[in-house]
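> Got a structure here, written out as structure tokens. Questions coming.
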Amino acid sequence: RLFVVFLHEISHGLAAVATGGRIVSIGLSFDEGGVCLTRGGWPFLILNAGYLGSLLWGALFLLLGRRRARARAVVGLVGAFTLTVTLVYVRTWFGVLYGLAAGLVLVTVAARLKPAVSEVLLAAIGATSALYAVWDVTSDVLFRHSGQSDAAALARLTGVPAAAWGVLWVIVSVAVLVSVLRRLA
């Protein structure tokens, strides 16, 4: 799940960059917490990008991981991407250690193990990432009502209650998952 937190945070950063902002830093913590500090960009998209980004990463990994030859290349690219993002943006000691270890494991799996291992690994990461929005939103937004969540920040920005954002993200996640699963069937 910690890798999915990494994907969640980098999704915020990518949304900032895509809308004219920049990534200042990313932090990961042992308790599966994360933060992406950005400057500039469109806050509405940046705040939505965490959970929806996790969902899209998951859907992409599930779809790309279907073929063994492609799975190996994707795992290698994800490993190289993880290493690069970690070295450039991650600023917490735990996050740096985790990012380097995760990136090296992914690159090693792609380079040294059978293609079937990459296929299984992508499926596991993809499923976990795609389900992350459902799990984490339900936990953080609908049951615990964390004032520090992306949904709470969106509520402050838009005036729409955090629970409404949480419900919307869960609905979108389930719809995308159903679509991906139908495609994979």
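Chain lettering (A, B, ...) mirrors the order of the structure tokens, residue numbering begins at 1 for each chain separately, and ligand numbering begins at 1 in order of display.
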If you take only C-alpha atoms and a cut-off of 8 Å, which residues of region 72-134 of chain A touch region 172-179 of chain A, and what are their nearest atom pairs and distances in Å to one decimal, in chain and number order, as CSV?

```
residue,atom,partner,partner_atom,distance
A:Ala130,CA,A:Leu177,CA,7.0
A:Leu131,CA,A:Ser173,CA,7.4
A:Ala133,CA,A:Ser173,CA,6.6
A:Val134,CA,A:Ser173,CA,6.6
```
> For the alpha helix (DSSP H) assignment from backbone DSSP, which residues of chain A qualify? Please present them as a VMD selection string.
chain A and resid 2 to 18 43 to 64 68 to 89 93 to 112 115 to 137 150 to 158 162 to 184
> Using only C-alpha atoms, which residue out of A:Gly21, A:Gly27, A:Gly65, A:Gly76 lies closest to Leu2 (chain A)?
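Checking each of A:Gly21, A:Gly27, A:Gly65, A:Gly76 against Leu2 (chain A), counting only C-alpha atoms, the winner is A:Gly27.
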> Can you pull out every residue within 7 Å of region 108-114 of chain A, counting only C-alpha atoms, but drop anything in the same chain fewer than 5 positions away, and send it as a PyMOL selection string?
chain A and resi 72-73+75-76
> Write a file of the just-selected residues containing N, CA and C atoms, as a PDB file, in the first residue's frame.

```pdb
ATOM      1  N   ARG A  72       7.011  -6.678 -18.363  1.00  0.00           N
ATOM      2  CA  ARG A  72       8.408  -6.548 -17.938  1.00  0.00           C
ATOM      3  C   ARG A  72       8.919  -5.133 -18.223  1.00  0.00           C
ATOM      4  N   ALA A  73       8.648  -4.612 -19.395  1.00  0.00           N
ATOM      5  CA  ALA A  73       9.089  -3.259 -19.745  1.00  0.00           C
ATOM      6  C   ALA A  73       8.415  -2.207 -18.858  1.00  0.00           C
ATOM      7  N   VAL A  75       7.223  -2.619 -15.773  1.00  0.00           N
ATOM      8  CA  VAL A  75       7.794  -2.696 -14.423  1.00  0.00           C
ATOM      9  C   VAL A  75       9.153  -2.000 -14.391  1.00  0.00           C
ATOM     10  N   GLY A  76       9.962  -2.201 -15.407  1.00  0.00           N
ATOM     11  CA  GLY A  76      11.252  -1.528 -15.476  1.00  0.00           C
ATOM     12  C   GLY A  76      11.110  -0.014 -15.544  1.00  0.00           C
TER      13      GLY A  76
END
```
> Return the single residue from A:Trp165, A:Tyr89, A:Phe44, A:Trp135 that is closest to Phe6 (chain A), with distances computed using only C-alpha atoms.
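The closest residue to Phe6 (chain A) is A:Tyr89.
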> Report as an MDAnalysis selection string all protein, DNA and RNA residues lying within 10 Å of Thr92 (chain A), evaluated on only C-alpha atoms, omitting residues in the same chain fewer than 2 positions from it.
chainID A and resid 25:29 34 86 89:90 94:98
> Report as CSV: every residue of region 109-146 of chain A with an atom at most 12 Å from region 53-61 of chain A, its closest pair of atoms, and their distance in Å to one decimal, counting only C-alpha atoms, with rows sorted by chain and ascending residue number.

```
residue,atom,partner,partner_atom,distance
A:Ser118,CA,A:Phe61,CA,10.6
A:Glu119,CA,A:Phe61,CA,9.3
A:Val120,CA,A:Phe61,CA,10.4
A:Leu121,CA,A:Phe61,CA,9.4
A:Leu122,CA,A:Phe61,CA,5.6
A:Ala123,CA,A:Phe61,CA,6.6
A:Ala124,CA,A:Phe61,CA,8.9
A:Ile125,CA,A:Gly58,CA,6.8
A:Gly126,CA,A:Gly58,CA,3.7
A:Ala127,CA,A:Gly58,CA,5.9
A:Thr128,CA,A:Gly58,CA,7.1
A:Ser129,CA,A:Gly58,CA,4.6
A:Ala130,CA,A:Leu55,CA,4.2
A:Leu131,CA,A:Leu55,CA,7.1
A:Tyr132,CA,A:Ser54,CA,6.9
A:Ala133,CA,A:Leu55,CA,6.5
A:Val134,CA,A:Leu55,CA,9.1
A:Trp135,CA,A:Leu55,CA,11.3
A:Asp136,CA,A:Ser54,CA,10.8
A:Val137,CA,A:Ser54,CA,11.7
```
> Compare A:Arg91, A:Ala80, A:Leu47, A:Gly13 by their minimum atom-to-atom distance to Arg156 (chain A), counting only C-alpha atoms, and give me the closest one.
A:Leu47
> Which residues in chain A does DSSP call strand (DSSP E)? List them as a list of chain:residue names.
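Everything in chain A that counts as strand (DSSP E) is A:Arg22, A:Ile23, A:Val24, A:Ser25, A:Ile26, A:Gly27, A:Leu28, A:Gly34, A:Val35, A:Cys36, A:Leu37, A:Thr38, A:Arg39.
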> Would you list the contacts of Ala18 (chain A) as a list in words, taking every protein, DNA or RNA residue within 10 Å and counting only C-alpha atoms, but skipping same-chain residues closer than 5 positions in sequence?
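Here the answer would be His12, Gly13, Gly41, Trp42, Leu45 and Ile46 of chain A.
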> Filtering to N, CA and C atoms, could you give me those residues as a tab-separated table (two decimals), in the first residue's frame?

```tsv
chain	number	residue	atom	x	y	z
A	12	HIS	N	-0.66	14.08	-7.46
A	12	HIS	CA	-0.86	15.49	-7.12
A	12	HIS	C	0.19	16.34	-7.83
A	13	GLY	N	1.44	15.90	-7.74
A	13	GLY	CA	2.53	16.65	-8.35
A	13	GLY	C	2.40	16.78	-9.85
A	41	GLY	N	-0.27	26.10	-10.15
A	41	GLY	CA	-1.18	25.11	-10.71
A	41	GLY	C	-2.61	25.36	-10.29
A	42	TRP	N	-3.48	24.50	-10.72
A	42	TRP	CA	-4.91	24.63	-10.45
A	42	TRP	C	-5.27	23.76	-9.25
A	45	LEU	N	-7.85	20.73	-9.59
A	45	LEU	CA	-7.35	19.52	-10.26
A	45	LEU	C	-6.30	18.83	-9.41
A	46	ILE	N	-5.42	19.59	-8.79
A	46	ILE	CA	-4.36	19.02	-7.97
A	46	ILE	C	-4.96	18.20	-6.83
```
> For a quick check of understanding, using only C-alpha atoms, which of A:Ile10, A:Ala162, A:Val88, A:Val78 has the smallest distance to Ala102 (chain A)?
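Residue with the minimum atom-to-atom distance to Ala102 (chain A): A:Val78.
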> Give the answer as one residue: which of A:Val17, A:Ala69, A:Leu181, A:Gly99 has the shortest atom-to-atom distance to Leu83 (chain A), using only C-alpha atoms?
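Looking only at the distances to Leu83 (chain A), the closest residue turns out to be A:Gly99.
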> If I take CA of Ala15 (chain A) and CA of Ala49 (chain A), how far is one from the other in Å, to one decimal?
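So the two atoms, CA of Ala15 (chain A) and CA of Ala49 (chain A), lie 6.3 Å apart.
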> Counting only C-alpha atoms, which of A:Pro115, A:Leu52, A:Val107, A:Arg22 gets nearest to Arg67 (chain A)?
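Using only C-alpha atoms, the shortest distance to Arg67 (chain A) belongs to A:Pro115.
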